[in-house]
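A.B. asks: Structure file protein-v3.cif, mmCIF, C-alpha atoms and all ligand atoms, is pasted below:
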data_structure
#
loop_
_atom_site.label_atom_id
_atom_site.label_comp_id
_atom_site.auth_asym_id
_atom_site.auth_seq_id
_atom_site.Cartn_x
_atom_site.Cartn_y
_atom_site.Cartn_z
CA MET A 883 57.66 -100.90 -3.84
CA ILE A 884 55.71 -101.80 -0.75
CA PRO A 885 57.91 -103.19 2.04
CA LYS A 886 56.14 -106.52 2.21
CA VAL A 887 56.96 -107.39 -1.37
CA ARG A 888 60.51 -106.20 -1.06
CA GLU A 889 61.07 -108.27 2.02
CA ASN A 890 59.69 -111.35 0.37
CA ILE A 891 61.76 -110.97 -2.71
CA LEU A 892 64.97 -110.17 -0.87
CA GLN A 893 64.46 -112.95 1.60
CA HIS A 894 64.15 -115.49 -1.18
CA GLN A 895 66.84 -114.02 -3.41
CA ASP A 896 68.73 -117.26 -3.78
CA LEU A 897 65.63 -119.14 -4.80
CA ILE A 898 64.73 -116.46 -7.31
CA ILE A 899 68.22 -116.46 -8.78
CA GLU A 900 68.35 -120.23 -9.20
CA ASP A 901 64.87 -120.47 -10.60
CA TRP A 902 65.51 -117.57 -12.96
CA MET A 903 68.82 -119.02 -14.16
CA GLN A 904 67.03 -122.24 -15.01
CA GLN A 905 64.34 -120.48 -17.01
CA ILE A 906 66.77 -118.27 -18.85
CA GLU A 907 68.88 -121.27 -19.82
CA LYS A 908 65.97 -122.37 -22.00
CA PHE A 909 66.41 -119.44 -24.41
CA ARG A 910 70.02 -120.25 -25.00
CA THR A 911 69.17 -122.22 -28.10
CA ASP A 912 67.50 -119.16 -29.66
CA GLU A 913 69.02 -118.30 -32.97
CA SER A 914 70.00 -114.80 -31.92
CA LEU A 915 71.85 -116.06 -28.86
CA GLN A 916 73.63 -119.06 -30.27
CA SER A 917 76.85 -117.24 -30.98
CA ILE A 918 77.34 -116.54 -27.29
CA SER A 919 79.44 -119.05 -25.39
CA ALA A 920 77.89 -120.99 -22.54
CA SER A 921 80.11 -119.45 -19.88
CA VAL A 922 79.54 -115.88 -21.06
CA TYR A 923 75.82 -116.55 -21.20
CA GLU A 924 75.82 -117.93 -17.69
CA SER A 925 77.86 -115.13 -16.15
CA THR A 926 76.00 -112.40 -18.01
CA SER A 927 72.66 -113.82 -16.94
CA ARG A 928 73.78 -114.07 -13.34
CA ASP A 929 74.91 -110.47 -13.54
CA PHE A 930 71.55 -109.48 -15.01
CA VAL A 931 69.45 -111.05 -12.26
CA HIS A 932 71.67 -109.53 -9.59
CA LYS A 933 71.19 -106.12 -11.14
CA LEU A 934 67.43 -106.67 -11.15
CA LEU A 935 67.47 -107.63 -7.50
CA LEU A 936 69.56 -104.57 -6.82
CA THR A 937 66.75 -102.34 -8.05
CA VAL A 938 64.50 -104.01 -5.51
CA GLU A 939 67.05 -103.66 -2.78
CA GLU A 940 67.63 -99.99 -3.48
CA ASN A 941 63.94 -99.52 -4.12
CA GLU A 942 64.66 -97.56 -7.29
CA VAL A 943 63.56 -98.66 -10.75
CA SER A 944 66.06 -96.63 -12.68
CA ASP A 945 69.30 -97.93 -11.34
CA GLU A 946 72.59 -96.67 -12.71
CA LYS A 947 74.24 -100.10 -12.52
CA LEU A 948 71.39 -101.74 -14.40
CA ASN A 949 71.63 -99.04 -17.06
CA GLN A 950 75.33 -99.63 -17.46
CA PHE A 951 74.78 -103.35 -17.66
CA VAL A 952 72.22 -102.91 -20.43
CA GLU A 953 74.44 -100.44 -22.25
CA ARG A 954 77.11 -103.16 -22.30
CA LEU A 955 74.65 -105.70 -23.71
CA ILE A 956 73.76 -103.23 -26.44
CA GLN A 957 77.40 -102.66 -27.29
CA MET A 958 78.02 -106.39 -27.53
CA GLY A 959 74.98 -106.82 -29.73
CA TRP A 960 72.77 -108.91 -27.47
CA PRO A 961 69.19 -108.92 -28.72
CA LEU A 962 66.53 -106.86 -26.99
CA ASN A 963 64.53 -110.05 -26.84
CA TYR A 964 66.88 -111.41 -24.20
CA ILE A 965 66.15 -108.46 -21.92
CA THR A 966 62.39 -108.58 -22.29
CA ARG A 967 62.20 -112.32 -21.83
CA GLY A 968 64.55 -112.09 -18.89
CA LEU A 969 62.22 -109.59 -17.26
CA GLN A 970 59.17 -111.70 -17.98
CA GLU A 971 60.83 -114.61 -16.25
CA PHE A 972 61.85 -112.39 -13.38
CA ARG A 973 58.22 -111.47 -12.91
CA LYS A 974 57.13 -115.10 -12.98
CA VAL A 975 59.64 -116.33 -10.45
CA SER A 976 58.95 -113.39 -8.12
CA VAL A 977 55.23 -114.02 -8.30
CA LYS A 978 55.87 -117.66 -7.46
CA VAL A 979 57.68 -116.62 -4.29
CA ILE A 980 54.77 -114.43 -3.25
CA PHE A 981 52.34 -117.30 -3.74
CA GLN A 982 54.43 -119.49 -1.50
CA GLU A 983 54.62 -116.88 1.21
CA THR A 984 51.04 -115.68 1.50
CA ASP A 985 47.72 -117.45 1.53
CA ASN A 986 45.52 -114.43 1.81
CA ASN A 987 44.05 -113.81 -1.63
CA GLU A 988 43.76 -110.11 -1.28
CA ASP A 989 47.35 -109.72 -0.15
CA GLN A 990 48.52 -111.90 -2.98
CA PHE A 991 46.66 -109.83 -5.50
CA ARG A 992 48.04 -106.56 -4.24
CA MET A 993 51.57 -107.84 -4.10
CA ILE A 994 51.44 -109.34 -7.55
CA GLU A 995 50.13 -106.09 -8.92
CA GLU A 996 53.05 -104.37 -7.28
CA ILE A 997 55.51 -106.71 -8.96
CA GLU A 998 53.88 -106.30 -12.35
CA GLU A 999 54.14 -102.54 -12.13
CA TRP A 1000 57.73 -102.73 -11.03
CA VAL A 1001 58.76 -105.01 -13.86
CA ASP A 1002 56.74 -103.09 -16.45
CA GLU A 1003 58.51 -99.91 -15.52
CA ILE A 1004 61.89 -101.55 -15.89
CA VAL A 1005 60.84 -103.00 -19.26
CA ASN A 1006 59.84 -99.54 -20.46
CA LEU A 1007 63.09 -98.00 -19.36
CA LEU A 1008 65.26 -100.66 -20.90
CA VAL A 1009 63.33 -100.88 -24.16
CA ASN A 1010 63.69 -97.11 -24.49
CA GLN A 1011 67.38 -97.35 -23.82
CA TYR A 1012 67.68 -100.09 -26.42
CA SER A 1013 65.70 -98.40 -29.14
CA GLY A 1014 67.38 -95.07 -28.53
CA SER A 1015 70.74 -96.66 -29.05
CA TRP A 1016 69.50 -98.61 -32.06
CA GLU A 1017 68.08 -95.52 -33.72
CA ASN A 1018 71.34 -93.81 -33.08
CA THR A 1019 73.24 -96.62 -34.77
CA VAL A 1020 70.96 -96.60 -37.78
CA PHE A 1021 71.35 -92.85 -38.00
CA LEU A 1022 75.14 -93.07 -37.89
CA GLN A 1023 75.20 -95.83 -40.50
CA LYS A 1024 72.94 -93.78 -42.72
CA MET A 1025 75.30 -90.84 -42.42
CA ALA A 1026 78.29 -93.06 -43.16
CA LEU A 1027 76.54 -94.46 -46.22
CA LYS A 1028 75.58 -91.01 -47.32
CA GLU A 1029 79.20 -89.96 -47.24
CA LEU A 1030 80.19 -92.98 -49.28
CA SER A 1031 77.29 -92.49 -51.62
CA ALA A 1032 78.33 -90.28 -54.45
CA PRO A 1033 81.68 -88.58 -54.11
CA LEU A 1034 82.89 -86.29 -56.83
CA ILE A 1035 86.65 -86.56 -57.13
CA PRO A 1036 88.71 -84.01 -59.03
CA VAL A 1037 91.39 -85.99 -60.91
CA PHE A 1038 92.88 -83.39 -63.22
CA GLU A 1039 92.39 -79.70 -63.59
CA ASN A 1040 88.80 -79.34 -64.83
CA ILE A 1041 88.16 -83.08 -64.87
CA SER A 1042 86.25 -84.92 -62.12
CA VAL A 1043 85.11 -88.48 -61.63
CA MET A 1044 82.04 -89.74 -59.82
CA PRO A 1045 82.37 -93.46 -59.17
CA LEU A 1046 79.04 -95.04 -58.30
CA VAL A 1047 79.11 -98.28 -56.38
CA GLY A 1048 76.02 -100.18 -55.28
CA THR A 1049 72.31 -99.85 -55.64
CA ILE A 1050 70.84 -96.50 -56.57
CA ASP A 1051 67.61 -95.69 -54.80
CA THR A 1052 65.64 -92.45 -54.84
CA GLU A 1053 67.57 -90.95 -51.96
CA ARG A 1054 70.92 -91.69 -53.55
CA ALA A 1055 69.75 -90.42 -56.91
CA LYS A 1056 69.03 -87.08 -55.24
CA LEU A 1057 72.49 -87.04 -53.67
CA ILE A 1058 74.15 -87.83 -56.98
CA MET A 1059 72.48 -84.83 -58.53
CA GLU A 1060 73.36 -82.50 -55.64
CA ASN A 1061 76.96 -83.63 -55.37
CA LEU A 1062 77.44 -83.43 -59.12
CA LEU A 1063 76.21 -79.86 -59.37
CA ASP A 1064 77.95 -78.63 -56.22
CA GLY A 1065 81.17 -80.39 -57.17
CA VAL A 1066 81.20 -79.18 -60.75
CA ILE A 1067 80.92 -75.61 -59.56
CA GLU A 1068 83.36 -76.01 -56.68
CA HIS A 1069 86.07 -77.72 -58.74
CA ARG A 1070 85.29 -75.77 -61.90
CA SER A 1071 84.98 -79.03 -63.77
CA GLN A 1072 84.50 -78.96 -67.50
CA VAL A 1073 84.14 -82.69 -67.85
CA VAL A 1074 82.63 -85.13 -65.35
CA LEU A 1075 83.03 -88.87 -65.76
CA ILE A 1076 80.25 -90.89 -64.17
CA ASP A 1077 81.54 -94.40 -63.62
CA ILE A 1078 78.81 -97.04 -63.28
CA THR A 1079 81.08 -100.10 -63.17
CA GLY A 1080 79.87 -100.80 -59.63
CA VAL A 1081 76.15 -100.35 -60.21
CA PRO A 1082 74.58 -103.82 -60.27
CA VAL A 1083 71.36 -102.99 -62.12
CA VAL A 1084 70.73 -100.15 -64.56
CA ASP A 1085 66.99 -99.98 -64.96
CA THR A 1086 64.85 -97.19 -66.34
CA MET A 1087 64.90 -95.29 -63.07
CA VAL A 1088 68.69 -95.29 -62.84
CA ALA A 1089 69.00 -94.38 -66.51
CA HIS A 1090 66.49 -91.59 -66.09
CA HIS A 1091 68.38 -90.13 -63.15
CA ILE A 1092 71.67 -90.29 -64.97
CA ILE A 1093 70.18 -88.59 -68.03
CA GLN A 1094 68.66 -85.86 -65.86
CA ALA A 1095 71.90 -85.37 -63.96
CA SER A 1096 73.90 -84.99 -67.13
CA GLU A 1097 71.42 -82.48 -68.51
CA ALA A 1098 71.70 -80.47 -65.32
CA VAL A 1099 75.48 -80.61 -65.57
CA ARG A 1100 75.24 -79.28 -69.10
CA LEU A 1101 73.20 -76.36 -67.83
CA VAL A 1102 76.00 -75.33 -65.49
CA GLY A 1103 78.41 -75.41 -68.39
CA ALA A 1104 80.11 -78.80 -68.12
CA GLN A 1105 79.82 -82.13 -69.90
CA CYS A 1106 79.19 -85.66 -68.63
CA ILE A 1107 80.70 -88.83 -69.97
CA LEU A 1108 79.23 -92.12 -68.87
CA VAL A 1109 81.89 -94.78 -68.37
CA GLY A 1110 82.11 -98.34 -67.10
CA ILE A 1111 79.14 -99.74 -68.98
CA ARG A 1112 79.59 -103.49 -68.76
CA PRO A 1113 78.60 -105.48 -71.88
CA GLU A 1114 75.54 -107.05 -70.24
CA ILE A 1115 74.39 -103.64 -69.03
CA ALA A 1116 74.82 -102.21 -72.53
CA GLN A 1117 72.51 -104.95 -73.84
CA THR A 1118 69.81 -104.40 -71.23
CA ILE A 1119 69.88 -100.65 -71.86
CA VAL A 1120 69.32 -101.32 -75.55
CA ASN A 1121 66.50 -103.80 -74.75
CA LEU A 1122 64.84 -101.23 -72.54
CA GLY A 1123 64.83 -98.94 -75.54
CA ILE A 1124 66.73 -96.22 -73.76
CA ASP A 1125 68.43 -93.91 -76.18
CA LEU A 1126 71.84 -92.88 -74.96
CA GLY A 1127 72.65 -91.61 -78.43
CA LYS A 1128 73.23 -88.01 -77.47
CA PHE A 1129 75.07 -89.10 -74.41
CA PRO A 1130 78.84 -89.50 -74.68
CA THR A 1131 79.77 -92.95 -73.36
CA LYS A 1132 83.06 -94.81 -73.07
CA SER A 1133 83.56 -98.41 -72.06
CA THR A 1134 86.25 -97.78 -69.46
CA LEU A 1135 87.29 -95.04 -67.09
CA LYS A 1136 90.69 -94.95 -68.76
CA LYS A 1137 89.22 -94.23 -72.18
CA GLY A 1138 86.93 -91.69 -70.57
CA VAL A 1139 89.86 -89.84 -69.03
CA GLU A 1140 91.66 -89.79 -72.37
CA THR A 1141 88.59 -88.34 -74.04
CA ALA A 1142 88.14 -85.80 -71.27
CA LEU A 1143 91.76 -84.67 -71.64
CA ARG A 1144 91.27 -84.26 -75.36
CA MET A 1145 88.09 -82.27 -74.78
CA THR A 1146 90.05 -79.93 -72.56
CA LYS A 1147 92.83 -79.76 -75.14
CA ARG A 1148 95.34 -81.94 -73.37
CA ASP A 1149 96.94 -85.27 -74.02
CA ILE A 1150 98.93 -87.97 -72.29
CA VAL A 1151 102.37 -88.35 -73.83
CA GLU A 1152 105.01 -90.90 -73.12
CA LEU A 1153 108.42 -89.56 -72.30
CA GLU A 1154 111.34 -90.95 -74.23
CA SER A 1155 113.98 -92.26 -71.95
CA MET B 1412 62.24 -129.97 -56.91
CA GLN B 1413 61.34 -126.65 -58.46
CA VAL B 1414 62.23 -123.54 -56.63
CA GLN B 1415 59.77 -120.78 -55.91
CA THR B 1416 60.34 -117.54 -54.06
CA HIS B 1417 58.04 -114.74 -53.01
CA VAL B 1418 59.19 -111.26 -52.17
CA ASP B 1419 56.87 -108.65 -50.72
CA ILE B 1420 57.27 -105.23 -52.26
CA ASN B 1421 56.38 -102.37 -49.97
CA SER B 1422 59.54 -100.29 -49.94
CA GLU B 1423 62.61 -99.71 -52.06
CA TRP B 1424 64.33 -102.43 -50.04
CA GLY B 1425 61.78 -104.89 -51.36
CA ILE B 1426 62.83 -104.04 -54.90
CA VAL B 1427 66.45 -104.79 -54.07
CA ALA B 1428 65.49 -108.05 -52.32
CA ALA B 1429 63.43 -109.20 -55.31
CA ARG B 1430 66.27 -108.45 -57.68
CA GLN B 1431 68.74 -110.36 -55.57
CA ALA B 1432 66.45 -113.36 -55.30
CA GLY B 1433 65.92 -113.20 -59.07
CA ARG B 1434 69.60 -113.04 -59.89
CA LYS B 1435 70.31 -115.96 -57.60
CA LEU B 1436 67.67 -118.19 -59.16
CA ALA B 1437 68.68 -117.16 -62.69
CA ARG B 1438 72.26 -118.15 -61.93
CA GLU B 1439 71.15 -121.46 -60.43
CA ILE B 1440 69.04 -122.28 -63.47
CA GLY B 1441 72.10 -121.65 -65.59
CA PHE B 1442 71.44 -118.37 -67.36
CA GLY B 1443 74.47 -116.54 -68.70
CA SER B 1444 75.50 -113.13 -67.44
CA VAL B 1445 73.60 -111.17 -70.10
CA ASP B 1446 70.35 -113.02 -69.44
CA GLN B 1447 70.91 -112.71 -65.69
CA ALA B 1448 71.13 -108.96 -66.19
CA ARG B 1449 68.00 -108.98 -68.37
CA ILE B 1450 66.01 -110.95 -65.81
CA THR B 1451 67.23 -108.83 -62.90
CA THR B 1452 66.39 -105.64 -64.75
CA ALA B 1453 62.91 -106.92 -65.65
CA ILE B 1454 62.27 -107.73 -61.98
CA SER B 1455 63.49 -104.28 -61.03
CA GLU B 1456 61.04 -102.65 -63.45
CA LEU B 1457 58.07 -104.70 -62.33
CA ALA B 1458 58.87 -104.31 -58.64
CA ARG B 1459 59.34 -100.58 -58.97
CA ASN B 1460 56.05 -100.22 -60.81
CA ILE B 1461 54.34 -102.05 -57.95
CA TYR B 1462 56.00 -99.77 -55.40
CA LEU B 1463 55.23 -96.60 -57.38
CA TYR B 1464 51.71 -97.24 -58.60
CA ALA B 1465 50.18 -99.78 -56.22
CA ASN B 1466 52.24 -99.08 -53.05
CA GLN B 1467 52.54 -102.76 -52.35
CA GLY B 1468 52.38 -106.14 -53.94
CA GLN B 1469 54.39 -109.23 -54.55
CA ILE B 1470 57.02 -110.64 -56.88
CA LYS B 1471 56.99 -114.39 -57.31
CA ILE B 1472 59.81 -116.08 -59.15
CA GLU B 1473 60.02 -119.72 -60.09
CA GLU B 1474 61.71 -122.20 -62.33
CA VAL B 1475 59.50 -123.56 -65.13
CA THR B 1476 59.81 -126.49 -67.49
CA GLU B 1477 57.63 -126.95 -70.52
CA SER B 1478 58.01 -129.55 -73.26
CA GLY B 1479 61.67 -130.02 -72.52
CA LYS B 1480 62.43 -126.30 -72.20
CA ARG B 1481 63.67 -124.79 -68.99
CA GLY B 1482 63.13 -121.24 -67.95
CA MET B 1483 62.32 -118.74 -65.28
CA LYS B 1484 58.95 -117.19 -64.64
CA ILE B 1485 58.27 -113.90 -62.89
CA ILE B 1486 54.83 -113.03 -61.62
CA ALA B 1487 54.30 -109.49 -60.38
CA SER B 1488 50.96 -108.96 -58.69
CA ASP B 1489 49.34 -106.15 -56.80
CA GLU B 1490 45.94 -104.99 -55.69
CA GLY B 1491 46.50 -101.42 -56.73
CA PRO B 1492 44.53 -99.12 -59.03
CA GLY B 1493 44.94 -101.33 -62.08
CA ILE B 1494 45.74 -100.18 -65.60
CA LYS B 1495 43.05 -98.50 -67.65
CA ASP B 1496 44.47 -98.76 -71.13
CA LEU B 1497 46.62 -101.85 -71.54
CA ARG B 1498 47.62 -100.94 -75.08
CA ARG B 1499 48.92 -97.51 -74.17
CA VAL B 1500 51.14 -98.62 -71.29
CA MET B 1501 52.94 -100.91 -73.74
CA GLU B 1502 53.87 -97.95 -75.95
CA ASP B 1503 57.42 -96.71 -75.56
CA GLY B 1504 57.42 -93.42 -73.75
CA PHE B 1505 53.99 -93.64 -72.12
CA THR B 1506 54.23 -92.62 -68.48
CA THR B 1507 51.95 -91.11 -65.88
CA SER B 1508 54.76 -90.39 -63.44
CA GLY B 1509 57.22 -88.36 -65.47
CA GLY B 1510 59.45 -91.39 -65.97
CA LEU B 1511 60.90 -92.60 -69.23
CA GLY B 1512 57.88 -94.80 -69.90
CA ALA B 1513 60.28 -97.53 -70.93
CA GLY B 1514 59.60 -100.03 -68.16
CA LEU B 1515 56.81 -102.26 -69.44
CA PRO B 1516 57.70 -102.27 -73.15
CA GLY B 1517 61.29 -102.82 -71.99
CA VAL B 1518 60.36 -105.84 -69.89
CA LYS B 1519 58.55 -107.32 -72.88
CA ARG B 1520 61.73 -107.03 -74.96
CA LEU B 1521 64.02 -108.24 -72.17
CA MET B 1522 61.96 -111.41 -71.67
CA ASP B 1523 60.54 -114.05 -74.05
CA GLU B 1524 56.91 -114.20 -72.99
CA PHE B 1525 54.85 -111.44 -71.51
CA GLY B 1526 51.25 -111.04 -70.40
CA ILE B 1527 49.27 -108.46 -68.42
CA GLU B 1528 45.95 -108.89 -66.73
CA SER B 1529 44.51 -105.86 -65.07
CA GLU B 1530 41.18 -104.74 -63.80
CA GLN B 1531 40.56 -101.16 -62.73
CA ASP B 1532 40.51 -100.77 -58.96
CA GLU B 1533 41.23 -104.49 -58.63
CA GLY B 1534 44.90 -104.71 -59.38
CA THR B 1535 47.42 -105.94 -61.90
CA VAL B 1536 49.12 -109.26 -62.56
CA ILE B 1537 52.03 -109.38 -64.96
CA THR B 1538 53.49 -112.74 -65.92
CA THR B 1539 56.67 -113.07 -67.90
CA ILE B 1540 59.07 -115.88 -68.80
CA LYS B 1541 62.64 -116.14 -70.00
CA TRP B 1542 63.65 -119.43 -71.61
CA LEU B 1543 67.06 -120.95 -71.25
CA ARG B 1544 68.73 -121.37 -74.59
N1 LIG C 1 51.37 -102.17 -61.31
C1 LIG C 1 50.80 -101.10 -61.88
N2 LIG C 1 49.62 -100.62 -61.41
C2 LIG C 1 49.04 -99.52 -61.98
N3 LIG C 1 49.58 -98.84 -63.01
C3 LIG C 1 50.74 -99.27 -63.53
C4 LIG C 1 51.41 -100.40 -62.99
N4 LIG C 1 52.55 -100.59 -63.71
C5 LIG C 1 52.58 -99.61 -64.63
N5 LIG C 1 51.50 -98.81 -64.54
C6 LIG C 1 51.18 -97.67 -65.41
O1 LIG C 1 51.81 -97.88 -66.65
C7 LIG C 1 52.62 -96.76 -66.99
C8 LIG C 1 53.81 -97.22 -67.79
O2 LIG C 1 54.67 -98.02 -66.98
P1 LIG C 1 56.20 -98.16 -67.37
O3 LIG C 1 56.88 -98.98 -66.33
O4 LIG C 1 56.27 -98.63 -68.78
O5 LIG C 1 56.73 -96.67 -67.34
P2 LIG C 1 56.96 -95.72 -66.06
O6 LIG C 1 56.95 -96.53 -64.83
O7 LIG C 1 56.00 -94.59 -66.14
O8 LIG C 1 58.42 -95.15 -66.32
P3 LIG C 1 59.80 -95.99 -66.26
O9 LIG C 1 59.44 -97.40 -65.93
O10 LIG C 1 60.42 -95.86 -67.62
O11 LIG C 1 60.63 -95.35 -65.21
C9 LIG C 1 52.96 -96.11 -65.70
O12 LIG C 1 53.26 -94.74 -65.85
C10 LIG C 1 51.69 -96.35 -64.89
O13 LIG C 1 50.73 -95.38 -65.17
MG MG C 2 58.10 -98.29 -64.62
#
In structure tokens, what does this structure look like?

C.D. replies:
Amino acid sequence: MIPKVRENILQHQDLIIEDWMQQIEKFRTDESLQSISASVYESTSRDFVHKLLLTVEENEVSDEKLNQFVERLIQMGWPLNYITRGLQEFRKVSVKVIFQETDNNEDQFRMIEEIEEWVDEIVNLLVNQYSGSWENTVFLQKMALKELSAPLIPVFENISVMPLVGTIDTERAKLIMENLLDGVIEHRSQVVLIDITGVPVVDTMVAHHIIQASEAVRLVGAQCILVGIRPEIAQTIVNLGIDLGKFPTKSTLKKGVETALRMTKRDIVELES
Amino acid sequence: MQVQTHVDINSEWGIVAARQAGRKLAREIGFGSVDQARITTAISELARNIYLYANQGQIKIEEVTESGKRGMKIIASDEGPGIKDLRRVMEDGFTTSGGLGAGLPGVKRLMDEFGIESEQDEGTVITTIKWLR
């Protein structure tokens, strides 16, 4: 940054801070910021403007302290919007100072350009930091969801259960198929119970995927039983005209397990006391 | 006041959002759990068809009253390729995407009233109603 601008800004720091604080107070009513208490908002904002001035003082756009400050905002879930608007206001109040200090048009123009560039660079850096961290979060959540998605749980020798909970989209349908086949081979399952108690809607796509998965399971030498069909789901499946006739189904997981034990020539007996 | 909701369908998330909006309205109107499931499933079929065949479109759901009857209306509209043979798509098992081909005939059975208007290269509008009994 050219020395003249720096001097001006640093000389009028207090003015800039007060002016900026006033402007930033106006966003406080924004929906995304309402959950933040007044005192936290005030102290965080003061911290923010000091960090911005620090970049000017050190004459270095990418300042470690500013980065850390922004990282903290990200962690606490402050919206990106706050940062970008804060920087816009910072530009406005700095430009105002320059106008007050110089009358020469050409000087003004050059100095304002300088400020714009400075602020734009900071905006770019911080937006990148924000989106990088956001993408990372989305990625991690996706992975977490993926792990929750379609587990195959061995419950008895040769018997496994796949409980499905939540909406089934194309990506999950693929996972169900993969996990079923891998799991059946890994656990040497002979019978797999697919439990759809937790699936809110069974439409033709879900039904189709389940039918395909069970056919694939049959090809690797095991059998599927569909369990947990709620009464209202049973009715919609019939209305859709989907034929589950050749598909073994049981109303509950418990009945399914009993059937699976019988299919593998076992039984549950009660011990006499 | 009668409630009306629009949901844009341009991803699989849109399908889920339309279903949720549909289930909520069905519950508010007073449909039982079986009819709620029927309505939600019908919305799912129509929304997925939009997503699959037209890429994008809209699901509109609203409460309707007609000569003392109350019900829920679903309008699925898109500006996609349209449907060439309206009779064939209503046959069980007809599909151009390797699906079950059960969606449209299924929706007709899940609901009480059903109508398709479609013009090739113009788009498709499907209107369907479930009455409260
Ligand atoms: N909105 C639409 N625009 C264009 N073509 C459509 C639209 N909706 C359905 N179709 C056509 O009608 C056919 C039948 O639709 P339907 O929903 O009955 O079965 P599907 O989508 O092929 O399979 P399923 O719904 O059982 O998974 C589709 O394969 C498609 O060619
Ligand atoms: Mg379909």

A.B. asks: With the cut-off set at 12 Å and counting only C-alpha atoms, tabulate each residue of chain B with an atom at most that distance from an atom of chain A, showing the nearest atom pair and its distance in Å to one decimal, ordered by chain and increasing number, as CSV.

C.D. replies:
residue,atom,partner,partner_atom,distance
B:Ser1422,CA,A:Asp1051,CA,10.5
B:Glu1423,CA,A:Asp1051,CA,7.0
B:Trp1424,CA,A:Asp1051,CA,8.9
B:Gly1425,CA,A:Asp1051,CA,11.4
B:Ile1426,CA,A:Asp1051,CA,9.6
B:Val1427,CA,A:Thr1049,CA,7.8
B:Ala1428,CA,A:Thr1049,CA,11.2
B:Arg1430,CA,A:Val1083,CA,8.7
B:Gln1431,CA,A:Pro1082,CA,9.9
B:Gly1433,CA,A:Val1083,CA,12.0
B:Arg1434,CA,A:Val1083,CA,10.4
B:Gly1443,CA,A:Glu1114,CA,9.7
B:Ser1444,CA,A:Glu1114,CA,6.7
B:Val1445,CA,A:Glu1114,CA,4.6
B:Asp1446,CA,A:Glu1114,CA,8.0
B:Gln1447,CA,A:Glu1114,CA,8.6
B:Ala1448,CA,A:Glu1114,CA,6.3
B:Arg1449,CA,A:Thr1118,CA,5.7
B:Ile1450,CA,A:Thr1118,CA,9.3
B:Thr1451,CA,A:Val1083,CA,7.2
B:Thr1452,CA,A:Asp1085,CA,5.7
B:Ala1453,CA,A:Asp1085,CA,8.1
B:Ile1454,CA,A:Asp1085,CA,9.6
B:Ser1455,CA,A:Asp1085,CA,6.8
B:Glu1456,CA,A:Asp1085,CA,6.7
B:Leu1457,CA,A:Asp1085,CA,10.4
B:Ala1458,CA,A:Asp1085,CA,11.2
B:Arg1459,CA,A:Met1087,CA,8.7
B:Asn1460,CA,A:Met1087,CA,10.4
B:Leu1463,CA,A:Met1087,CA,11.3
B:Met1501,CA,A:Leu1122,CA,12.0
B:Glu1502,CA,A:Gly1123,CA,11.0
B:Asp1503,CA,A:Gly1123,CA,7.7
B:Gly1504,CA,A:Gly1123,CA,9.4
B:Thr1506,CA,A:Thr1086,CA,11.8
B:Ser1508,CA,A:Met1087,CA,11.3
B:Gly1509,CA,A:His1090,CA,9.8
B:Gly1510,CA,A:His1090,CA,7.0
B:Leu1511,CA,A:His1090,CA,6.5
B:Gly1512,CA,A:Thr1086,CA,8.2
B:Ala1513,CA,A:Leu1122,CA,6.1
B:Gly1514,CA,A:Thr1086,CA,6.2
B:Leu1515,CA,A:Leu1122,CA,8.7
B:Pro1516,CA,A:Leu1122,CA,7.2
B:Gly1517,CA,A:Leu1122,CA,3.9
B:Val1518,CA,A:Leu1122,CA,7.0
B:Lys1519,CA,A:Leu1122,CA,8.8
B:Arg1520,CA,A:Asn1121,CA,5.8
B:Leu1521,CA,A:Asn1121,CA,5.7
B:Met1522,CA,A:Asn1121,CA,9.4
B:Asp1523,CA,A:Asn1121,CA,11.9

A.B. asks: Counting all atoms listed in the file, which of B:Gly1526, B:Thr1539, B:Gln1415, B:Ile1461 gets nearest to ligand LIG 1 (chain C)?

C.D. replies: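 Going through B:Gly1526, B:Thr1539, B:Gln1415, B:Ile1461 one by one, the smallest distance to ligand LIG 1 (chain C) is for B:Ile1461.
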
A.B. asks: Determine, counting only C-alpha atoms, which protein, DNA and RNA residues have an atom within 12 Å of an atom of Ser914 of chain A; residues of the same chain fewer than 4 positions away are not included. Present the result as a list of chain:residue names.

C.D. replies: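 Listed by chain and then number, they are A:Phe909, A:Arg910, A:Ile918, A:Gly959, A:Trp960, A:Pro961, A:Leu962, A:Asn963, A:Tyr964.
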
A.B. asks: Give me the residues near Gly1468 of chain B as a list of chain:residue names, where near means some atom within 7 Å (using all atoms listed in the file) and where sequence neighbours in that chain fewer than 4 positions away do not count.

C.D. replies: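 That gives B:Asp1419, B:Ile1420, B:Asn1421, B:Ile1461, B:Ser1488, B:Asp1489, B:Glu1490.
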
A.B. asks: Once you have the residues from the selection above, write them out as a PDB file, in the coordinates of the input, restricted to C-alpha atoms.

C.D. replies:
ATOM      1  CA  ASP B1419      56.870-108.650 -50.720  1.00  0.00           C
ATOM      2  CA  ILE B1420      57.270-105.230 -52.260  1.00  0.00           C
ATOM      3  CA  ASN B1421      56.380-102.370 -49.970  1.00  0.00           C
ATOM      4  CA  ILE B1461      54.340-102.050 -57.950  1.00  0.00           C
ATOM      5  CA  SER B1488      50.960-108.960 -58.690  1.00  0.00           C
ATOM      6  CA  ASP B1489      49.340-106.150 -56.800  1.00  0.00           C
ATOM      7  CA  GLU B1490      45.940-104.990 -55.690  1.00  0.00           C
TER       8      GLU B1490
END

A.B. asks: Quick one: everything within 6 Å of Gly1482 of chain B, counting all atoms listed in the file, minus sequence neighbours fewer than 5 positions away in the same chain. Send it as number ranges by chain.

C.D. replies: B: 1474-1475, 1541-1543
